[in-house]
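**Student:** Can you keep this structure in mind? I'll have questions shortly.
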Amino acid sequence: MKIEIEKLLEYTKGLAKAKLLVVGDLALDEMVYGDTERISREAPVLILRHTRTNLILGAASNAAHNVSAINHGKVSVVGIVGDDYQANDLRGAFESAGVDCSHLVTDKTRKTITKTRISGSCFQSITQQIVRIDRQSSEPISAQTEQKIIKELEKAIPAHDAVILSDYHIGTLTDKVIETAITLSKKYDKKIIVDAQKDLQKYKGVTSMTPNLPDTQKQVGFFIKSKEDLYRAGKKLLSDTNAECVLITCGAEGMALITGSKKMTVIPVFNKSKVFDVTGAGDTVTALYSLALASGAESVYAAIIGNIAAGIVIKQFGCATTTIDELVEFIEQNRKKLETIEIGEYNE
């Protein structure tokens, strides 16, 4: 098939209509920068003179940030924070990004998920990461906390157009939370999209899911070396989960959309140049794909929009976002190229 540019533009310009809810492992990325001075006399370690600290929304929080950058704040989150100063930092980052965090659940027994990356540079050389410190609780959440999350879902889901379940497997999305989110989404006729790295069979009856190629291979139990393998994997995921469609992201090879109509659409990467950092690109795909589906876009065009958005954010360092204006500008500037791209279709 060929991309209909006017239809793509119409769907892109309509992305801001939808209101989304992100449920999952909410995290804060704390980026600490400094200049290296010397080796410490106390221990054989570098001494850094601190220059700045950046607080960035990471994990499921990054998906919410990507949505907010598009629909100007019509996004909410449900998740867990601890009773610590990182919780205040995370709330502040949400507020700065225009994300509604009124549905956060505080659990004093757990840590706010925080990834602290300490980086240094010397004599204006390239900044390099020296160490990463992870703060998170590994034990399962309590039944009390689980029930609080469920109550927040009962309040939040009816007020949104779609739900993203973002599972980094740090404990928020228990079986009961997943079941409740799916049941409520169906009850209120909401789109529900899953971004998870494993155990995809737990997410039965969702609208769609967006696994990457390595995670798909682990889930289906075989290597994907051809389009036939990719199609077979997609069909197995559909069978295992009863999802309406599956979007498998394949890195530099693009993405594949497999639907219940026994058809696979293969979408190539539109811009392979100037790749600086793929951090958070998966969150961007999920966020834009979900927004497009919630706004009424056909699944193929929703995937194309997610593809374009990922191509924009990977040209920036760290977890980045894009806007409708940037998406429209890319489409307009690359109109002739996009019109000639063949979107491959594979049938049984």
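We name chains A, B, ... following the order of the structure tokens; residues begin at 1 in each chain, and ligands are numbered from 1 as shown.
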If we count only C-alpha atoms, what is near A:Met264 at a cut-off of 12 Å, once residues fewer than 6 positions away on the same chain are taken out, given as a short mmCIF file (atom, residue, chain, number, x, y, z; two decimals) with C-alpha atoms, in the first residue's frame?

**Tutor:**
```
data_model
loop_
_atom_site.label_atom_id
_atom_site.label_comp_id
_atom_site.auth_asym_id
_atom_site.auth_seq_id
_atom_site.Cartn_x
_atom_site.Cartn_y
_atom_site.Cartn_z
CA MET A 1 0.00 0.00 0.00
CA LYS A 227 8.82 -12.03 7.33
CA GLU A 228 7.19 -15.43 7.58
CA ASP A 229 8.62 -15.84 11.10
CA LEU A 230 7.48 -12.33 12.00
CA TYR A 231 3.96 -13.04 10.79
CA ARG A 232 3.88 -16.37 12.65
CA ALA A 233 5.04 -14.63 15.83
CA GLY A 234 2.37 -11.96 15.48
CA LYS A 235 -0.35 -14.55 14.98
CA LEU A 238 -2.83 -12.59 18.89
CA CYS A 245 -3.79 -6.21 16.80
CA VAL A 246 -0.09 -6.36 17.68
CA LEU A 247 2.58 -3.83 16.73
CA ILE A 248 6.06 -5.38 16.82
CA MET A 255 7.79 -2.30 12.59
CA ALA A 256 5.14 -4.85 11.76
CA LEU A 257 1.42 -4.56 12.45
CA ILE A 258 -0.45 -7.87 12.65
CA SER A 299 -4.24 1.13 13.09
CA VAL A 300 -1.80 1.27 10.16
CA ILE A 343 4.21 -0.25 2.94
CA GLY A 344 4.51 -4.01 2.57
CA GLU A 345 1.54 -6.27 3.15
CA TYR A 346 1.83 -9.96 3.91
CA ASN A 347 -1.07 -12.41 3.87
CA GLU A 348 -1.41 -16.12 4.42
#
```

**Student:** Please list as a list in words every residue within 9 Å of A:Ala159, counting only C-alpha atoms and excluding residues in the same chain fewer than 5 positions away.

**Tutor:**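 Counting only C-alpha atoms, the residues come to Lys19, Leu20 and Leu21 of chain A.
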
**Student:** Using the selection just defined, write its residues with all heavy atoms as an mmCIF file, in the first residue's frame.

**Tutor:**
```
data_model
loop_
_atom_site.group_PDB
_atom_site.id
_atom_site.type_symbol
_atom_site.label_atom_id
_atom_site.label_comp_id
_atom_site.auth_asym_id
_atom_site.auth_seq_id
_atom_site.Cartn_x
_atom_site.Cartn_y
_atom_site.Cartn_z
ATOM 1 N N LYS A 19 -7.739 12.010 25.380
ATOM 2 C CA LYS A 19 -7.247 12.109 26.755
ATOM 3 C C LYS A 19 -6.827 10.712 27.207
ATOM 4 O O LYS A 19 -7.625 9.774 27.153
ATOM 5 C CB LYS A 19 -8.339 12.673 27.674
ATOM 6 C CG LYS A 19 -7.872 12.925 29.101
ATOM 7 C CD LYS A 19 -8.979 13.563 29.935
ATOM 8 C CE LYS A 19 -8.476 13.866 31.343
ATOM 9 N NZ LYS A 19 -9.547 14.477 32.192
ATOM 10 N N LEU A 20 -5.572 10.573 27.643
ATOM 11 C CA LEU A 20 -5.028 9.259 27.956
ATOM 12 C C LEU A 20 -4.691 9.090 29.422
ATOM 13 O O LEU A 20 -4.333 10.049 30.107
ATOM 14 C CB LEU A 20 -3.770 8.988 27.114
ATOM 15 C CG LEU A 20 -4.001 8.145 25.837
ATOM 16 C CD1 LEU A 20 -4.892 8.901 24.856
ATOM 17 C CD2 LEU A 20 -2.680 7.775 25.188
ATOM 18 N N LEU A 21 -4.758 7.832 29.863
ATOM 19 C CA LEU A 21 -4.363 7.443 31.215
ATOM 20 C C LEU A 21 -3.209 6.450 31.100
ATOM 21 O O LEU A 21 -3.314 5.467 30.368
ATOM 22 C CB LEU A 21 -5.531 6.795 31.950
ATOM 23 C CG LEU A 21 -5.248 6.278 33.365
ATOM 24 C CD1 LEU A 21 -4.989 7.439 34.318
ATOM 25 C CD2 LEU A 21 -6.413 5.414 33.876
#
```

**Student:** Contacts of A:Thr112 at 9 Å or less, counting only C-alpha atoms, minus same-chain residues fewer than 6 places along, as a ChimeraX atom specification?

**Tutor:** /A:26-28,80-87,90,135-137

**Student:** Find the residue from A:Asp199, A:Asp283, A:Glu329, A:Glu95 that sits nearest to A:Ala60; use only C-alpha atoms when measuring.

**Tutor:** A:Asp283

**Student:** Run DSSP on the backbone and tell me which residues of stretch 98-347 of chain A come out as helix (DSSP H, G or I); list them as a compact mmCIF listing (two decimals) with N, CA, C and O atoms, in the first residue's frame.

**Tutor:**
```txt
# COMPACT_ATOMS: atom_id res chain seq x y z
N ALA A 143 -1.34 -6.05 49.53
CA ALA A 143 -2.75 -6.11 49.12
C ALA A 143 -3.43 -4.76 49.34
O ALA A 143 -4.32 -4.37 48.56
N GLN A 144 -3.03 -4.06 50.38
CA GLN A 144 -3.61 -2.75 50.67
C GLN A 144 -3.29 -1.75 49.57
O GLN A 144 -4.16 -1.00 49.10
N THR A 145 -2.01 -1.71 49.15
CA THR A 145 -1.61 -0.81 48.08
C THR A 145 -2.29 -1.19 46.77
O THR A 145 -2.74 -0.33 46.00
N GLU A 146 -2.38 -2.47 46.51
CA GLU A 146 -3.04 -2.96 45.30
C GLU A 146 -4.49 -2.47 45.25
O GLU A 146 -4.96 -2.02 44.19
N GLN A 147 -5.19 -2.54 46.37
CA GLN A 147 -6.58 -2.10 46.42
C GLN A 147 -6.70 -0.60 46.19
O GLN A 147 -7.64 -0.13 45.55
N LYS A 148 -5.73 0.17 46.69
CA LYS A 148 -5.74 1.62 46.47
C LYS A 148 -5.57 1.94 44.98
O LYS A 148 -6.22 2.86 44.45
N ILE A 149 -4.70 1.19 44.32
CA ILE A 149 -4.51 1.40 42.88
C ILE A 149 -5.80 1.10 42.13
O ILE A 149 -6.21 1.84 41.23
N ILE A 150 -6.45 0.01 42.50
CA ILE A 150 -7.70 -0.37 41.84
C ILE A 150 -8.76 0.71 42.02
O ILE A 150 -9.50 1.04 41.08
N LYS A 151 -8.84 1.30 43.19
CA LYS A 151 -9.80 2.37 43.43
C LYS A 151 -9.51 3.59 42.55
O LYS A 151 -10.44 4.24 42.04
N GLU A 152 -8.23 3.89 42.34
CA GLU A 152 -7.86 5.00 41.47
C GLU A 152 -8.22 4.70 40.02
O GLU A 152 -8.64 5.58 39.27
N LEU A 153 -8.07 3.44 39.61
CA LEU A 153 -8.46 3.05 38.25
C LEU A 153 -9.96 3.22 38.06
O LEU A 153 -10.41 3.67 37.00
N GLU A 154 -10.73 2.85 39.07
CA GLU A 154 -12.18 2.97 38.98
C GLU A 154 -12.62 4.42 38.81
O GLU A 154 -13.61 4.71 38.13
N LYS A 155 -11.86 5.34 39.39
CA LYS A 155 -12.16 6.76 39.25
C LYS A 155 -11.65 7.33 37.93
O LYS A 155 -12.31 8.18 37.32
N ALA A 156 -10.48 6.88 37.49
CA ALA A 156 -9.80 7.53 36.37
C ALA A 156 -10.22 7.02 34.99
O ALA A 156 -10.36 7.82 34.05
N ILE A 157 -10.41 5.73 34.83
CA ILE A 157 -10.64 5.17 33.49
C ILE A 157 -11.86 5.75 32.79
O ILE A 157 -11.79 6.09 31.59
N PRO A 158 -13.00 5.93 33.48
CA PRO A 158 -14.16 6.50 32.77
C PRO A 158 -13.91 7.89 32.20
O PRO A 158 -14.60 8.29 31.24
N ALA A 159 -12.96 8.63 32.75
CA ALA A 159 -12.71 10.01 32.33
C ALA A 159 -11.68 10.14 31.22
O ALA A 159 -11.33 11.25 30.82
N ASP A 175 -1.49 -8.97 38.77
CA ASP A 175 -2.54 -9.64 38.00
C ASP A 175 -3.90 -8.97 38.22
O ASP A 175 -4.68 -8.79 37.28
N LYS A 176 -4.20 -8.61 39.49
CA LYS A 176 -5.48 -7.97 39.80
C LYS A 176 -5.58 -6.58 39.18
O LYS A 176 -6.65 -6.19 38.70
N VAL A 177 -4.49 -5.82 39.21
CA VAL A 177 -4.49 -4.48 38.61
C VAL A 177 -4.69 -4.59 37.10
O VAL A 177 -5.48 -3.84 36.51
N ILE A 178 -4.01 -5.53 36.47
CA ILE A 178 -4.15 -5.73 35.03
C ILE A 178 -5.58 -6.12 34.69
O ILE A 178 -6.21 -5.55 33.78
N GLU A 179 -6.13 -7.09 35.42
CA GLU A 179 -7.49 -7.56 35.16
C GLU A 179 -8.51 -6.43 35.33
O GLU A 179 -9.42 -6.27 34.51
N THR A 180 -8.33 -5.63 36.38
CA THR A 180 -9.24 -4.52 36.63
C THR A 180 -9.17 -3.49 35.52
O THR A 180 -10.20 -3.00 35.03
N ALA A 181 -7.96 -3.13 35.11
CA ALA A 181 -7.78 -2.13 34.05
C ALA A 181 -8.43 -2.58 32.76
O ALA A 181 -9.10 -1.79 32.07
N ILE A 182 -8.25 -3.84 32.39
CA ILE A 182 -8.83 -4.36 31.14
C ILE A 182 -10.35 -4.43 31.24
O ILE A 182 -11.07 -4.01 30.32
N THR A 183 -10.84 -4.93 32.36
CA THR A 183 -12.29 -5.05 32.55
C THR A 183 -12.98 -3.68 32.49
O THR A 183 -14.01 -3.51 31.83
N LEU A 184 -12.41 -2.70 33.19
CA LEU A 184 -13.01 -1.36 33.21
C LEU A 184 -12.92 -0.70 31.83
O LEU A 184 -13.85 0.00 31.41
N SER A 185 -11.80 -0.91 31.14
CA SER A 185 -11.64 -0.32 29.80
C SER A 185 -12.69 -0.86 28.84
O SER A 185 -13.27 -0.12 28.04
N LYS A 186 -12.97 -2.15 28.94
CA LYS A 186 -14.00 -2.75 28.09
C LYS A 186 -15.39 -2.25 28.49
O LYS A 186 -16.24 -1.95 27.64
N LYS A 187 -15.62 -2.14 29.80
CA LYS A 187 -16.92 -1.68 30.29
C LYS A 187 -17.25 -0.29 29.76
O LYS A 187 -18.40 -0.02 29.37
N LEU A 200 3.41 -11.49 28.26
CA LEU A 200 2.36 -10.82 27.50
C LEU A 200 1.03 -11.58 27.55
O LEU A 200 -0.03 -10.98 27.35
N GLN A 201 1.09 -12.87 27.85
CA GLN A 201 -0.14 -13.66 27.91
C GLN A 201 -1.06 -13.23 29.05
O GLN A 201 -2.25 -13.58 29.07
N LYS A 202 -0.53 -12.43 30.00
CA LYS A 202 -1.36 -11.94 31.10
C LYS A 202 -2.33 -10.86 30.64
O LYS A 202 -3.31 -10.57 31.32
N LEU A 213 11.30 -6.56 19.12
CA LEU A 213 11.63 -7.84 18.49
C LEU A 213 12.23 -8.85 19.49
O LEU A 213 11.78 -10.00 19.55
N PRO A 214 13.24 -8.46 20.31
CA PRO A 214 13.80 -9.43 21.27
C PRO A 214 12.76 -9.95 22.25
O PRO A 214 12.73 -11.16 22.56
N ASP A 215 11.90 -9.07 22.75
CA ASP A 215 10.88 -9.50 23.71
C ASP A 215 9.84 -10.40 23.03
O ASP A 215 9.31 -11.33 23.65
N THR A 216 9.56 -10.12 21.77
CA THR A 216 8.63 -10.97 21.02
C THR A 216 9.20 -12.37 20.86
O THR A 216 8.50 -13.37 21.05
N GLN A 217 10.49 -12.46 20.53
CA GLN A 217 11.14 -13.77 20.36
C GLN A 217 11.09 -14.57 21.65
O GLN A 217 10.83 -15.78 21.64
N LYS A 218 11.34 -13.91 22.78
CA LYS A 218 11.28 -14.60 24.07
C LYS A 218 9.87 -15.11 24.36
O LYS A 218 9.69 -16.20 24.89
N GLN A 219 8.88 -14.30 23.99
CA GLN A 219 7.50 -14.66 24.28
C GLN A 219 7.03 -15.84 23.44
O GLN A 219 6.37 -16.76 23.95
N VAL A 220 7.35 -15.83 22.15
CA VAL A 220 6.84 -16.88 21.25
C VAL A 220 7.72 -18.12 21.24
O VAL A 220 7.28 -19.19 20.80
N LYS A 227 10.17 -12.59 7.21
CA LYS A 227 8.82 -12.03 7.33
C LYS A 227 7.82 -13.11 7.71
O LYS A 227 6.85 -12.85 8.43
N GLU A 228 8.07 -14.33 7.22
CA GLU A 228 7.19 -15.43 7.58
C GLU A 228 7.24 -15.71 9.08
O GLU A 228 6.21 -15.93 9.72
N ASP A 229 8.46 -15.66 9.65
CA ASP A 229 8.62 -15.84 11.10
C ASP A 229 7.92 -14.71 11.87
O ASP A 229 7.29 -14.94 12.90
N LEU A 230 8.08 -13.49 11.35
CA LEU A 230 7.48 -12.33 12.00
C LEU A 230 5.95 -12.45 12.01
O LEU A 230 5.29 -12.19 13.03
N TYR A 231 5.41 -12.87 10.89
CA TYR A 231 3.96 -13.04 10.79
C TYR A 231 3.48 -14.15 11.73
O TYR A 231 2.46 -14.01 12.42
N ARG A 232 4.23 -15.25 11.77
CA ARG A 232 3.88 -16.37 12.65
C ARG A 232 3.92 -15.95 14.11
O ARG A 232 3.06 -16.32 14.91
N ALA A 233 4.92 -15.12 14.46
CA ALA A 233 5.04 -14.63 15.83
C ALA A 233 3.86 -13.73 16.19
O ALA A 233 3.28 -13.82 17.28
N GLY A 234 3.50 -12.84 15.24
CA GLY A 234 2.37 -11.96 15.48
C GLY A 234 1.07 -12.72 15.67
O GLY A 234 0.27 -12.41 16.56
N LYS A 235 0.87 -13.74 14.84
CA LYS A 235 -0.35 -14.55 14.98
C LYS A 235 -0.38 -15.29 16.31
O LYS A 235 -1.44 -15.41 16.93
N LYS A 236 0.78 -15.75 16.77
CA LYS A 236 0.84 -16.44 18.06
C LYS A 236 0.50 -15.49 19.20
O LYS A 236 -0.22 -15.84 20.14
N LEU A 237 1.02 -14.24 19.13
CA LEU A 237 0.70 -13.26 20.15
C LEU A 237 -0.81 -12.95 20.15
O LEU A 237 -1.42 -12.82 21.22
N LEU A 238 -1.40 -12.83 18.97
CA LEU A 238 -2.83 -12.59 18.89
C LEU A 238 -3.61 -13.75 19.49
O LEU A 238 -4.59 -13.55 20.22
N SER A 239 -3.16 -14.95 19.22
CA SER A 239 -3.83 -16.13 19.74
C SER A 239 -3.70 -16.23 21.26
O SER A 239 -4.65 -16.57 21.96
N ASP A 240 -2.49 -15.90 21.77
CA ASP A 240 -2.22 -16.01 23.21
C ASP A 240 -2.95 -14.94 24.02
O ASP A 240 -3.23 -15.15 25.21
N THR A 241 -3.21 -13.78 23.40
CA THR A 241 -3.73 -12.64 24.16
C THR A 241 -5.14 -12.19 23.75
O THR A 241 -5.75 -11.39 24.47
N GLY A 251 13.39 -2.15 15.53
CA GLY A 251 14.58 -1.32 15.45
C GLY A 251 14.77 -0.73 14.07
O GLY A 251 13.86 -0.14 13.48
N ALA A 252 15.97 -0.90 13.52
CA ALA A 252 16.31 -0.34 12.22
C ALA A 252 15.51 -0.95 11.08
O ALA A 252 15.49 -0.42 9.96
N GLU A 253 14.83 -2.08 11.35
CA GLU A 253 14.03 -2.73 10.32
C GLU A 253 12.59 -2.24 10.31
O GLU A 253 11.77 -2.74 9.55
N ALA A 281 12.66 5.51 23.08
CA ALA A 281 11.98 5.50 21.78
C ALA A 281 10.76 4.59 21.81
O ALA A 281 9.74 4.88 21.18
N GLY A 282 10.86 3.47 22.54
CA GLY A 282 9.72 2.56 22.65
C GLY A 282 8.53 3.22 23.32
O GLY A 282 7.37 3.00 22.92
N ASP A 283 8.80 4.03 24.35
CA ASP A 283 7.73 4.76 25.02
C ASP A 283 7.06 5.74 24.06
O ASP A 283 5.85 5.93 24.09
N THR A 284 7.88 6.37 23.21
CA THR A 284 7.34 7.32 22.23
C THR A 284 6.43 6.62 21.25
O THR A 284 5.33 7.12 20.95
N VAL A 285 6.85 5.47 20.74
CA VAL A 285 6.01 4.72 19.81
C VAL A 285 4.68 4.37 20.46
O VAL A 285 3.60 4.60 19.89
N THR A 286 4.74 3.83 21.68
CA THR A 286 3.51 3.43 22.37
C THR A 286 2.60 4.63 22.60
O THR A 286 1.38 4.55 22.38
N ALA A 287 3.18 5.74 23.05
CA ALA A 287 2.39 6.93 23.35
C ALA A 287 1.68 7.47 22.11
O ALA A 287 0.47 7.74 22.13
N LEU A 288 2.42 7.65 21.01
CA LEU A 288 1.83 8.23 19.80
C LEU A 288 0.88 7.26 19.12
O LEU A 288 -0.18 7.67 18.60
N TYR A 289 1.22 6.00 19.11
CA TYR A 289 0.36 4.95 18.55
C TYR A 289 -0.97 4.92 19.32
O TYR A 289 -2.05 4.89 18.72
N SER A 290 -0.90 4.99 20.65
CA SER A 290 -2.10 4.96 21.48
C SER A 290 -2.94 6.22 21.28
O SER A 290 -4.17 6.15 21.17
N LEU A 291 -2.28 7.38 21.23
CA LEU A 291 -2.99 8.63 20.98
C LEU A 291 -3.73 8.59 19.65
O LEU A 291 -4.89 9.02 19.55
N ALA A 292 -3.06 8.08 18.64
CA ALA A 292 -3.67 8.03 17.31
C ALA A 292 -4.87 7.08 17.30
O ALA A 292 -5.93 7.41 16.75
N LEU A 293 -4.73 5.91 17.92
CA LEU A 293 -5.86 4.98 17.99
C LEU A 293 -7.03 5.61 18.74
O LEU A 293 -8.19 5.50 18.32
N ALA A 294 -6.73 6.27 19.86
CA ALA A 294 -7.78 6.91 20.66
C ALA A 294 -8.44 8.07 19.92
O ALA A 294 -9.59 8.41 20.21
N SER A 299 -5.40 1.68 12.39
CA SER A 299 -4.24 1.13 13.09
C SER A 299 -2.95 1.27 12.30
O SER A 299 -1.89 1.55 12.87
N VAL A 300 -3.01 1.13 10.97
CA VAL A 300 -1.80 1.27 10.16
C VAL A 300 -1.27 2.70 10.24
O VAL A 300 -0.06 2.92 10.40
N TYR A 301 -2.15 3.68 10.15
CA TYR A 301 -1.71 5.08 10.23
C TYR A 301 -1.27 5.44 11.64
O TYR A 301 -0.37 6.27 11.82
N ALA A 302 -1.88 4.83 12.65
CA ALA A 302 -1.42 5.04 14.02
C ALA A 302 0.01 4.55 14.17
O ALA A 302 0.85 5.20 14.81
N ALA A 303 0.32 3.39 13.57
CA ALA A 303 1.67 2.86 13.61
C ALA A 303 2.65 3.75 12.85
O ALA A 303 3.78 3.97 13.30
N ILE A 304 2.24 4.27 11.72
CA ILE A 304 3.09 5.17 10.93
C ILE A 304 3.43 6.42 11.74
O ILE A 304 4.57 6.88 11.76
N ILE A 305 2.43 6.98 12.43
CA ILE A 305 2.67 8.17 13.25
C ILE A 305 3.65 7.84 14.38
O ILE A 305 4.56 8.63 14.66
N GLY A 306 3.50 6.69 15.02
CA GLY A 306 4.46 6.27 16.05
C GLY A 306 5.86 6.11 15.49
O GLY A 306 6.85 6.47 16.13
N ASN A 307 5.94 5.59 14.27
CA ASN A 307 7.23 5.40 13.59
C ASN A 307 7.91 6.75 13.35
O ASN A 307 9.10 6.93 13.64
N ILE A 308 7.16 7.70 12.83
CA ILE A 308 7.72 9.03 12.56
C ILE A 308 8.18 9.70 13.84
O ILE A 308 9.26 10.31 13.91
N ALA A 309 7.36 9.60 14.90
CA ALA A 309 7.70 10.22 16.18
C ALA A 309 9.00 9.65 16.74
O ALA A 309 9.86 10.39 17.23
N ALA A 310 9.16 8.33 16.66
CA ALA A 310 10.39 7.71 17.15
C ALA A 310 11.60 8.20 16.36
O ALA A 310 12.68 8.42 16.93
N GLY A 311 11.42 8.38 15.06
CA GLY A 311 12.52 8.89 14.24
C GLY A 311 12.95 10.29 14.61
O GLY A 311 14.10 10.68 14.38
N ILE A 312 12.03 11.06 15.20
CA ILE A 312 12.36 12.42 15.63
C ILE A 312 13.08 12.40 16.97
O ILE A 312 14.10 13.06 17.15
N VAL A 313 12.58 11.60 17.94
CA VAL A 313 13.15 11.66 19.29
C VAL A 313 14.52 11.00 19.39
O VAL A 313 15.32 11.36 20.26
N ILE A 324 3.00 17.93 17.77
CA ILE A 324 2.24 17.83 16.53
C ILE A 324 2.89 18.67 15.44
O ILE A 324 2.99 18.24 14.28
N ASP A 325 3.36 19.87 15.79
CA ASP A 325 4.00 20.74 14.79
C ASP A 325 5.22 20.07 14.19
O ASP A 325 5.46 20.17 12.97
N GLU A 326 6.03 19.41 15.02
CA GLU A 326 7.22 18.72 14.51
C GLU A 326 6.83 17.56 13.61
O GLU A 326 7.47 17.31 12.57
N LEU A 327 5.79 16.83 13.98
CA LEU A 327 5.34 15.71 13.16
C LEU A 327 4.83 16.20 11.81
O LEU A 327 5.18 15.64 10.76
N VAL A 328 4.01 17.25 11.84
CA VAL A 328 3.48 17.80 10.59
C VAL A 328 4.60 18.34 9.71
O VAL A 328 4.62 18.13 8.49
N GLU A 329 5.56 19.02 10.33
CA GLU A 329 6.70 19.55 9.57
C GLU A 329 7.48 18.43 8.90
O GLU A 329 7.87 18.54 7.72
N PHE A 330 7.70 17.33 9.63
CA PHE A 330 8.42 16.19 9.04
C PHE A 330 7.65 15.63 7.84
O PHE A 330 8.23 15.35 6.78
N ILE A 331 6.35 15.47 8.00
CA ILE A 331 5.53 14.91 6.92
C ILE A 331 5.56 15.82 5.69
O ILE A 331 5.73 15.35 4.56
N GLU A 332 5.41 17.12 5.92
CA GLU A 332 5.40 18.06 4.81
C GLU A 332 6.76 18.10 4.10
O GLU A 332 6.83 18.12 2.87
N GLN A 333 7.83 18.12 4.88
CA GLN A 333 9.17 18.19 4.29
C GLN A 333 9.54 16.92 3.55
O GLN A 333 10.35 16.94 2.62
N ARG A 335 7.24 14.82 2.13
CA ARG A 335 6.03 14.37 1.44
C ARG A 335 6.34 13.48 0.24
O ARG A 335 5.77 12.38 0.10
N LYS A 336 7.24 13.93 -0.63
CA LYS A 336 7.54 13.16 -1.85
C LYS A 336 8.15 11.80 -1.52
O LYS A 336 7.82 10.79 -2.14
N LYS A 337 9.03 11.80 -0.52
CA LYS A 337 9.66 10.54 -0.13
C LYS A 337 8.63 9.59 0.46
O LYS A 337 8.62 8.39 0.14
N LEU A 338 7.77 10.09 1.33
CA LEU A 338 6.76 9.25 1.96
C LEU A 338 5.79 8.69 0.95
O LEU A 338 5.31 7.55 1.08
N GLU A 339 5.47 9.48 -0.09
CA GLU A 339 4.52 9.02 -1.11
C GLU A 339 5.06 7.86 -1.93
O GLU A 339 4.29 7.06 -2.48
N THR A 340 6.39 7.75 -2.01
CA THR A 340 6.99 6.67 -2.80
C THR A 340 7.30 5.42 -1.99
O THR A 340 7.62 4.38 -2.56
```

**Student:** Calculate how many Å separate atom CA of A:Val131 from atom CA of A:Ser119, rounding to one decimal.

**Tutor:** 7.2 Å

**Student:** Would you compute the distance between atom CA of A:Ile267 and atom CA of A:Asp25? Give it in Å to one decimal.

**Tutor:**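 Rounded to one decimal, the two atoms are 29.1 Å apart.
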
**Student:** Using only C-alpha atoms, determine which residues lie at most 8 Å from A:Ala243, disregarding the query and same-chain residues fewer than 5 positions distant; provide the list as a ChimeraX atom specification.

**Tutor:** /A:204-209,237-238

**Student:** Mind checking which residues fall within 8 Å of A:Cys101, counting only C-alpha atoms, ignoring those fewer than 3 positions away in the same chain, and posting them as a PyMOL selection string?

**Tutor:** chain A and resi 76-78+91+94-95+104

**Student:** Compile the contact shell of A:Val32 as an mmCIF file with N, CA and C atoms, in the first residue's frame: residues with an atom at most 8 Å away, counting only C-alpha atoms, same-chain residues fewer than 4 positions apart removed.

**Tutor:**
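Below you can see result12.cif, which holds the result:
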```cif
data_model
loop_
_atom_site.group_PDB
_atom_site.id
_atom_site.type_symbol
_atom_site.label_atom_id
_atom_site.label_comp_id
_atom_site.auth_asym_id
_atom_site.auth_seq_id
_atom_site.Cartn_x
_atom_site.Cartn_y
_atom_site.Cartn_z
ATOM 1 N N HIS A 50 30.267 19.206 40.918
ATOM 2 C CA HIS A 50 28.896 19.199 40.419
ATOM 3 C C HIS A 50 28.597 20.466 39.619
ATOM 4 N N ARG A 52 25.354 20.489 37.362
ATOM 5 C CA ARG A 52 23.901 20.597 37.252
ATOM 6 C C ARG A 52 23.245 19.241 37.476
ATOM 7 N N THR A 53 21.962 19.266 37.794
ATOM 8 C CA THR A 53 21.145 18.066 37.915
ATOM 9 C C THR A 53 19.860 18.268 37.128
ATOM 10 N N ASN A 54 19.567 17.331 36.243
ATOM 11 C CA ASN A 54 18.326 17.370 35.468
ATOM 12 C C ASN A 54 17.408 16.248 35.937
ATOM 13 N N THR A 116 19.428 7.143 39.064
ATOM 14 C CA THR A 116 20.361 8.264 39.122
ATOM 15 C C THR A 116 21.594 7.932 38.284
ATOM 16 N N ARG A 117 21.826 8.747 37.265
ATOM 17 C CA ARG A 117 22.984 8.557 36.400
ATOM 18 C C ARG A 117 23.971 9.692 36.656
ATOM 19 N N ILE A 118 25.194 9.340 37.033
ATOM 20 C CA ILE A 118 26.225 10.334 37.326
ATOM 21 C C ILE A 118 27.226 10.343 36.175
ATOM 22 N N SER A 119 27.379 11.499 35.561
ATOM 23 C CA SER A 119 28.241 11.627 34.389
ATOM 24 C C SER A 119 29.254 12.739 34.601
#
```

**Student:** Ranking A:Gly92, A:Gly58, A:Pro44, A:Gly296 by minimum distance to A:Lys17 and counting only C-alpha atoms, which one comes first?

**Tutor:**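 So, comparing all the options, the nearest one is A:Gly296.
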